[in-house]
Each structure stands twice: as C-alpha cells, then as structure tokens.
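The structure under discussion appears below in the form of structure tokens.
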Amino acid sequence: MNIQWYPGHMVKAKRKIQEDLKLVDIVIELLDARIPMSSRNPEVDSIVGSKKRIIVLNKSDMSDLAANKQWINYFSKENTRVILVNSITGNGLKDVLAASKLLMKEKLDKLKSKGMLVKTVRALIIGIPNVGKSTFINKLAGRGIAQTGDRPGVTRSKQWIKVSPELELLDTPGILWPKFEDERVGMYLAFTGAIRDEILDIVELASNLAGHLMKHFPGNLKARYKLEEIDPAMEPLELLKLIGRKRGCIISGGEIDIQRAAVMLLDEFRGGKIGNITLETPADLVQPVEQPQGQADAEQTE
Ligand code: G4P
C-alpha cells in the first residue's frame with residue numbers, strides 16, 4: 001500500500017516559517033509521539049537552523065513508555081529540549097514553559113545585565129497537519145487566551161497569544177508536511193489518522209494495520225480481540241475478518257461486515273485502546289522495516 005500526499009504549498013509554507021522565525025526566540029516543534037520520525041519533515045533542521053528548540057512529543061498518552069525514552073535521548077541536544085505532552089489534559093505543558101525559560105536564560109540574563117528588563121520569550125509552533133498544534137496552543141493559552149496586538153516596528157499585523165508573563169506564541173503555527181520518501185511513512189500517518197480516511201482504501205489500510213500489529217505487537221492485538229490460537233503467518237485480510245467476527249461485525253447471512261470491522265480496528269487503534277504503541281523507534285532509522293504488501297495510491301491536497 002503506497003500512500004502519497006501531494007501538498008503543493010511546501011515552498012510557500014517554508015517561506016512563511018522563515019519569515020516568522022525572525023520574530024521569535026524559540027521554536028516549539030510538535031511531533032506525534034507514536035511516529036516521531038514519520039510525523040516530521042526532514043527539512044525542519046535546515047529550516048529552523050540554530051534557533052533554540054523545544055521538541056514536543058505530543059499525544060504521548062498513546063505512545064509507549066520505553067520508546068518515549070529512546071526518542072527523548074535521540075532528539076535531545078544542547079539547544080534542544082524534548083518534552084512529552086498530552087495536549088488534551090495538559091500534561092507536560094508546565095515543563096514546556098520551564099524549558100522555554102531555561103533555553104533563553106542566558107540571553108535574558110545578558111539583557112538584564114545591560115539594564116534591559118525583557119522577560120518574555122516568544123515562540124513559534126510548527127508541525128504537520130493533525131499533530132495537535134491547535135489543541136496544544138489552546139490548552140497552553142487556556143482561558144487566559146489573549147492577543148497582545150501589534151507591536152510597532154516589530155510585528156505589524158502579527159498577533160501574539162500571551163501564555164504567561166514569560167511566554168508568548170505567534171498565533172498562526174507554521175505548517176510543514178511530512179515527506180514520503182519511505183513507504184512506511186505514509187502507512188504510519190494513515191494508521192494514526194493524520195491522513196483523511198476518505199482518500200484511502202479503508203479495508204486495505206485496516207488489514208495492513210492488523211498485519212503490522214500481529215507482527216510487531218502480537219500481545220496487544222491478541223489481548224484486545226481475544227485471539228488465542230492464531231497462525232502468525234495469517235493473511236492480513238483474513239486476520240481483519242477474524243477480528244471482525246470476534247467483535248460481532250456480521251451482516252445477515254453470517255458474512256463478516258468487513259467495512260465495519262475496518263473502521264472499528266482503526267478507531268480503536270487511534271483511540272489508544274489496543275495499548276500504548278509507538279510504531280517506530282530510533283533503531284528503525286538504520287534498519288529499514290519490511291514493507292507491507294499491495295499497492296494503492298491515494299492523494300490528498302491540503
Ligand atoms: P492540528 O492543529 O495540528 O492540525 O491538530 P489538532 O489540534 O486539530 O488535533 C488533531 C487531533 O488530535 C484532534 O482530534 C485532537 O483532539 C487530537 N489531539 C491533539 N493533541 C492530542 C493529545 O495530546 N492526545 C490525544 N489523545 N489526542 C490529541 P479530533 O478533534 O478528534 O480530530 P480527528 O482525530 O477526528 O481528526
């Protein structure tokens with residue numbers, strides 16, 4: 001299953017981010033904790049350059065604890081802090097605030113020593129569609145969401161959201177798109193719901209997900225759907241049918257309602273009901289994962 005997604009606006013988006021970067025002190029880059037590599041545009045490092053950065057592993061309520069640690073180690077650098085966040089509950093947001101202060105401490109101290117009382121750090125949020133940018137911004141800003149308005153000479157027409165006396169966010173996040181150089185990137189984005197299902201063959205996608213889970217997370221899949229005796233080499237479509245049968249996705253005549261089974265499996269996976277699962281680890285960057293079978297192209301424009 002080869003999923004493609006042709007954005008078309010990448011050049012424009014990059015230009016906008018480059019302009020916005022001039023206005024901020026730090027960048028807060030959101031990644032999906034379940035697929036930190038696939039939810040990241042590989043050009044982001046060259047776009048952001050040496051600007052200080054916080055990498056937010058968002059949706060960490062659904063990712064795997066051990067994998068989280070590996071990704072934190074992988075991304076952490078002198079100028080980059082990595083923080084696990086759940087933007088729905090707000091878990092981890094305090095750490096984001098603390099990290100933004102810490103990253104800028106040296107600069108703010110320097111300004112203070114020169115008699116300038118600057119306390120506020122300005123940040124730009126960036127990330128691919130659906131990674132949770134709006135949810136993150138709204139939760140961070142909370143009820144106190146306030147736009148501080150134009151600032152003469154510096155940010156004409158730019159709106160800032162005041163999070164606290166110490167942090168302001170540019171109100172329009174920078175949108176990047178993932179790159180589909182590797183077939184699994186499209187698959188993982190589709191599995192996690194980052195690509196609209198309407199453009200995908202849902203049964204094929206869910207079959208692939210069932211096969212992938214059986215291969216890499218058999219314990220989770222078997223426990224969720226009470227699959228005791230099962231041939232690990234079972235065809236993915238057959239596996240999906242079996243899952244459908246177990247869940248009573250049956251149409252009159254005893255046939256499996258495969259469409260319903262597909263939607264159910266995808267929903268449950270995306271809702272974290274099959275367990276806390278991270279689909280890729282830093283080790284996959286050097287050891288390519290085996291490609292799933294079949295071909296189906298899809299396009300999505302943003
Ligand atoms: P975007 O601005 O980057 O495009 O993303 P947005 O905030 O709209 O979030 C996309 C979906 O992800 C939303 O689900 C949102 O509730 C969910 N989400 C964001 N952050 C988290 C998180 O930390 N944990 C969990 N579990 N979910 C999160 P949605 O409204 O249901 O949209 P959809 O999933 O139906 O597309």
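Identifiers for the structure tokens are assigned positionally: chains receive A, B, ... in sequence, residues are indexed from 1 per chain, and ligands are indexed from 1 in the order shown.
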
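Environment of ligand 1, defined as every protein or nucleic acid residue with an atom within 7 Å of it and counting only C-alpha atoms and all ligand atoms, comprises A:Asn58, A:Lys59, A:Ser60, A:Asp61, A:Met62, A:Val85, A:Asn86, A:Ser87, A:Ile88, A:Gly127, A:Ile128, A:Pro129, A:Asn130, A:Val131, A:Gly132, A:Lys133, A:Ser134, A:Thr135, A:Phe136, A:Gly193, A:Gly271.
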
Q: Give me every strand (DSSP E) residue in segment 16-215 of chain A, going by DSSP on the backbone, as a PyMOL selection string.
A: chain A and resi 26-32+52-58+80-84+121-127+160-164+167-170+174-175

Restricting it to C-alpha atoms, dump the selection as a CSV table (one decimal), in the first residue's frame.
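Once written, again.csv looks like this:
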```
chain,number,residue,atom,x,y,z
A,26,ILE,CA,12.5,29.7,20.1
A,27,VAL,CA,10.7,27.2,18.1
A,28,ILE,CA,8.3,24.6,19.5
A,29,GLU,CA,8.2,21.7,17.1
A,30,LEU,CA,5.3,19.2,17.6
A,31,LEU,CA,5.7,15.6,16.7
A,32,ASP,CA,3.4,12.7,17.2
A,52,LYS,CA,16.7,27.1,20.2
A,53,ARG,CA,14.1,24.5,20.1
A,54,ILE,CA,11.6,22.5,22.2
A,55,ILE,CA,10.5,19.2,20.6
A,56,VAL,CA,7.1,18.3,21.9
A,57,LEU,CA,6.3,14.6,21.6
A,58,ASN,CA,2.6,15.2,21.6
A,80,THR,CA,17.0,21.3,22.1
A,81,ARG,CA,14.8,20.1,24.9
A,82,VAL,CA,12.4,17.2,24.4
A,83,ILE,CA,9.2,17.0,26.3
A,84,LEU,CA,6.3,14.5,26.5
A,121,VAL,CA,10.2,34.6,25.4
A,122,ARG,CA,8.5,34.4,22.0
A,123,ALA,CA,7.8,31.1,20.3
A,124,LEU,CA,6.6,29.8,17.0
A,125,ILE,CA,4.8,26.5,17.0
A,126,ILE,CA,5.4,24.2,14.0
A,127,GLY,CA,4.3,20.8,12.9
A,160,TRP,CA,0.7,37.1,19.7
A,161,ILE,CA,-1.0,34.9,22.2
A,162,LYS,CA,0.1,35.6,25.8
A,163,VAL,CA,0.5,32.3,27.6
A,164,SER,CA,2.1,33.8,30.7
A,167,LEU,CA,5.9,33.3,27.1
A,168,GLU,CA,4.1,34.5,24.0
A,169,LEU,CA,3.2,32.4,21.0
A,170,LEU,CA,2.7,33.6,17.4
A,174,GLY,CA,3.9,27.0,10.9
A,175,ILE,CA,2.6,24.1,8.9
```

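Excluding Lys101 of chain A itself and same-chain residues fewer than 6 positions from it, the residues having an atom within 10 Å of it are Asp95, Leu108, Lys119, Thr120, Val121, Glu166 and Leu167 of chain A, counting only C-alpha atoms.
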
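Residue neighbourhood of Asp197 of chain A, excluding near-sequence residues (fewer than 5 positions): Ile3, Met187, Leu189, Ala190, Phe191, Thr192, Ile202, Val203, Glu204, Leu205, Ala206, Ala262, Val263, Leu266, Asp267, Ala298, Glu299 and Gln300 of chain A, at 12 Å, using only C-alpha atoms.
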
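Take the candidates A:Gly244, A:Pro36, A:Thr278, A:Met1 and check each one against Tyr74 of chain A using only C-alpha atoms; the shortest distance goes to A:Pro36.
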
Q.
Would you pick out the contacts of Pro42 of chain A at 10 Å or less, using only C-alpha atoms, so that residues sharing its chain but fewer than 6 positions from it are not included, and give the list as a ChimeraX atom specification?
A. /A:176-179

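Rounded to one decimal, atom CA of Gly186 of chain A and atom CA of Ile35 of chain A lie 11.0 Å from each other.
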
What's around Phe269 of chain A at 9 Å? Count only C-alpha atoms, leave out sequence neighbours fewer than 4 positions away in its own chain, and write the answer as a PDB file with all heavy atoms, in the first residue's frame.
```pdb
ATOM      1  N   PHE A 191      -2.262   5.067   9.512  1.00  0.00           N
ATOM      2  CA  PHE A 191      -2.661   4.268  10.694  1.00  0.00           C
ATOM      3  C   PHE A 191      -3.088   5.195  11.839  1.00  0.00           C
ATOM      4  O   PHE A 191      -4.066   4.945  12.528  1.00  0.00           O
ATOM      5  CB  PHE A 191      -1.485   3.427  11.210  1.00  0.00           C
ATOM      6  CG  PHE A 191      -1.123   2.221  10.382  1.00  0.00           C
ATOM      7  CD1 PHE A 191       0.086   1.557  10.594  1.00  0.00           C
ATOM      8  CD2 PHE A 191      -1.970   1.722   9.407  1.00  0.00           C
ATOM      9  CE1 PHE A 191       0.437   0.448   9.858  1.00  0.00           C
ATOM     10  CE2 PHE A 191      -1.631   0.605   8.651  1.00  0.00           C
ATOM     11  CZ  PHE A 191      -0.407  -0.033   8.877  1.00  0.00           C
ATOM     12  N   THR A 192      -2.319   6.268  12.038  1.00  0.00           N
ATOM     13  CA  THR A 192      -2.567   7.129  13.206  1.00  0.00           C
ATOM     14  C   THR A 192      -3.634   8.189  12.937  1.00  0.00           C
ATOM     15  O   THR A 192      -3.980   8.954  13.833  1.00  0.00           O
ATOM     16  CB  THR A 192      -1.264   7.835  13.653  1.00  0.00           C
ATOM     17  OG1 THR A 192      -0.705   8.513  12.521  1.00  0.00           O
ATOM     18  CG2 THR A 192      -0.257   6.868  14.209  1.00  0.00           C
ATOM     19  N   LEU A 209      -2.888  -2.704   8.959  1.00  0.00           N
ATOM     20  CA  LEU A 209      -2.676  -2.400  10.383  1.00  0.00           C
ATOM     21  C   LEU A 209      -2.736  -3.691  11.203  1.00  0.00           C
ATOM     22  O   LEU A 209      -1.879  -3.931  12.060  1.00  0.00           O
ATOM     23  CB  LEU A 209      -3.723  -1.393  10.881  1.00  0.00           C
ATOM     24  CG  LEU A 209      -3.681  -1.080  12.378  1.00  0.00           C
ATOM     25  CD1 LEU A 209      -2.349  -0.453  12.782  1.00  0.00           C
ATOM     26  CD2 LEU A 209      -4.828  -0.141  12.781  1.00  0.00           C
ATOM     27  N   MET A 264     -13.751  -0.105  12.873  1.00  0.00           N
ATOM     28  CA  MET A 264     -13.625  -0.380  14.302  1.00  0.00           C
ATOM     29  C   MET A 264     -12.159  -0.545  14.702  1.00  0.00           C
ATOM     30  O   MET A 264     -11.678   0.065  15.663  1.00  0.00           O
ATOM     31  CB  MET A 264     -14.434  -1.654  14.619  1.00  0.00           C
ATOM     32  CG  MET A 264     -14.498  -2.086  16.053  1.00  0.00           C
ATOM     33  SD  MET A 264     -13.170  -3.181  16.548  1.00  0.00           S
ATOM     34  CE  MET A 264     -13.282  -4.505  15.369  1.00  0.00           C
ATOM     35  N   LEU A 265     -11.403  -1.324  13.907  1.00  0.00           N
ATOM     36  CA  LEU A 265      -9.995  -1.555  14.253  1.00  0.00           C
ATOM     37  C   LEU A 265      -9.206  -0.233  14.216  1.00  0.00           C
ATOM     38  O   LEU A 265      -8.435   0.069  15.133  1.00  0.00           O
ATOM     39  CB  LEU A 265      -9.360  -2.570  13.288  1.00  0.00           C
ATOM     40  CG  LEU A 265      -7.887  -2.867  13.581  1.00  0.00           C
ATOM     41  CD1 LEU A 265      -7.720  -3.656  14.882  1.00  0.00           C
ATOM     42  CD2 LEU A 265      -7.207  -3.607  12.438  1.00  0.00           C
ATOM     43  N   LYS A 273      -6.829   2.217  22.326  1.00  0.00           N
ATOM     44  CA  LYS A 273      -7.474   1.115  23.054  1.00  0.00           C
ATOM     45  C   LYS A 273      -6.715  -0.205  22.912  1.00  0.00           C
ATOM     46  O   LYS A 273      -6.934  -1.133  23.680  1.00  0.00           O
ATOM     47  CB  LYS A 273      -8.917   0.947  22.566  1.00  0.00           C
ATOM     48  CG  LYS A 273      -9.773   2.157  22.871  1.00  0.00           C
ATOM     49  CD  LYS A 273     -11.240   1.787  22.993  1.00  0.00           C
ATOM     50  CE  LYS A 273     -12.079   2.950  23.438  1.00  0.00           C
ATOM     51  NZ  LYS A 273     -12.478   3.841  22.323  1.00  0.00           N
ATOM     52  N   ILE A 274      -5.852  -0.289  21.901  1.00  0.00           N
ATOM     53  CA  ILE A 274      -5.098  -1.542  21.721  1.00  0.00           C
ATOM     54  C   ILE A 274      -3.826  -1.492  22.573  1.00  0.00           C
ATOM     55  O   ILE A 274      -3.076  -2.449  22.668  1.00  0.00           O
ATOM     56  CB  ILE A 274      -4.847  -1.801  20.213  1.00  0.00           C
ATOM     57  CG1 ILE A 274      -6.196  -1.828  19.470  1.00  0.00           C
ATOM     58  CG2 ILE A 274      -4.104  -3.108  19.971  1.00  0.00           C
ATOM     59  CD1 ILE A 274      -6.131  -1.998  17.975  1.00  0.00           C
ATOM     60  N   GLY A 275      -3.617  -0.372  23.203  1.00  0.00           N
ATOM     61  CA  GLY A 275      -2.459  -0.219  24.077  1.00  0.00           C
ATOM     62  C   GLY A 275      -1.627   0.986  23.678  1.00  0.00           C
ATOM     63  O   GLY A 275      -1.904   1.643  22.683  1.00  0.00           O
ATOM     64  N   ILE A 277       1.172   2.246  21.983  1.00  0.00           N
ATOM     65  CA  ILE A 277       2.020   1.675  20.930  1.00  0.00           C
ATOM     66  C   ILE A 277       2.754   2.778  20.171  1.00  0.00           C
ATOM     67  O   ILE A 277       2.131   3.725  19.680  1.00  0.00           O
ATOM     68  CB  ILE A 277       1.151   0.835  19.948  1.00  0.00           C
ATOM     69  CG1 ILE A 277       0.640  -0.426  20.662  1.00  0.00           C
ATOM     70  CG2 ILE A 277       1.942   0.469  18.695  1.00  0.00           C
ATOM     71  CD1 ILE A 277      -0.290  -1.279  19.834  1.00  0.00           C
TER      72      ILE A 277
END
```
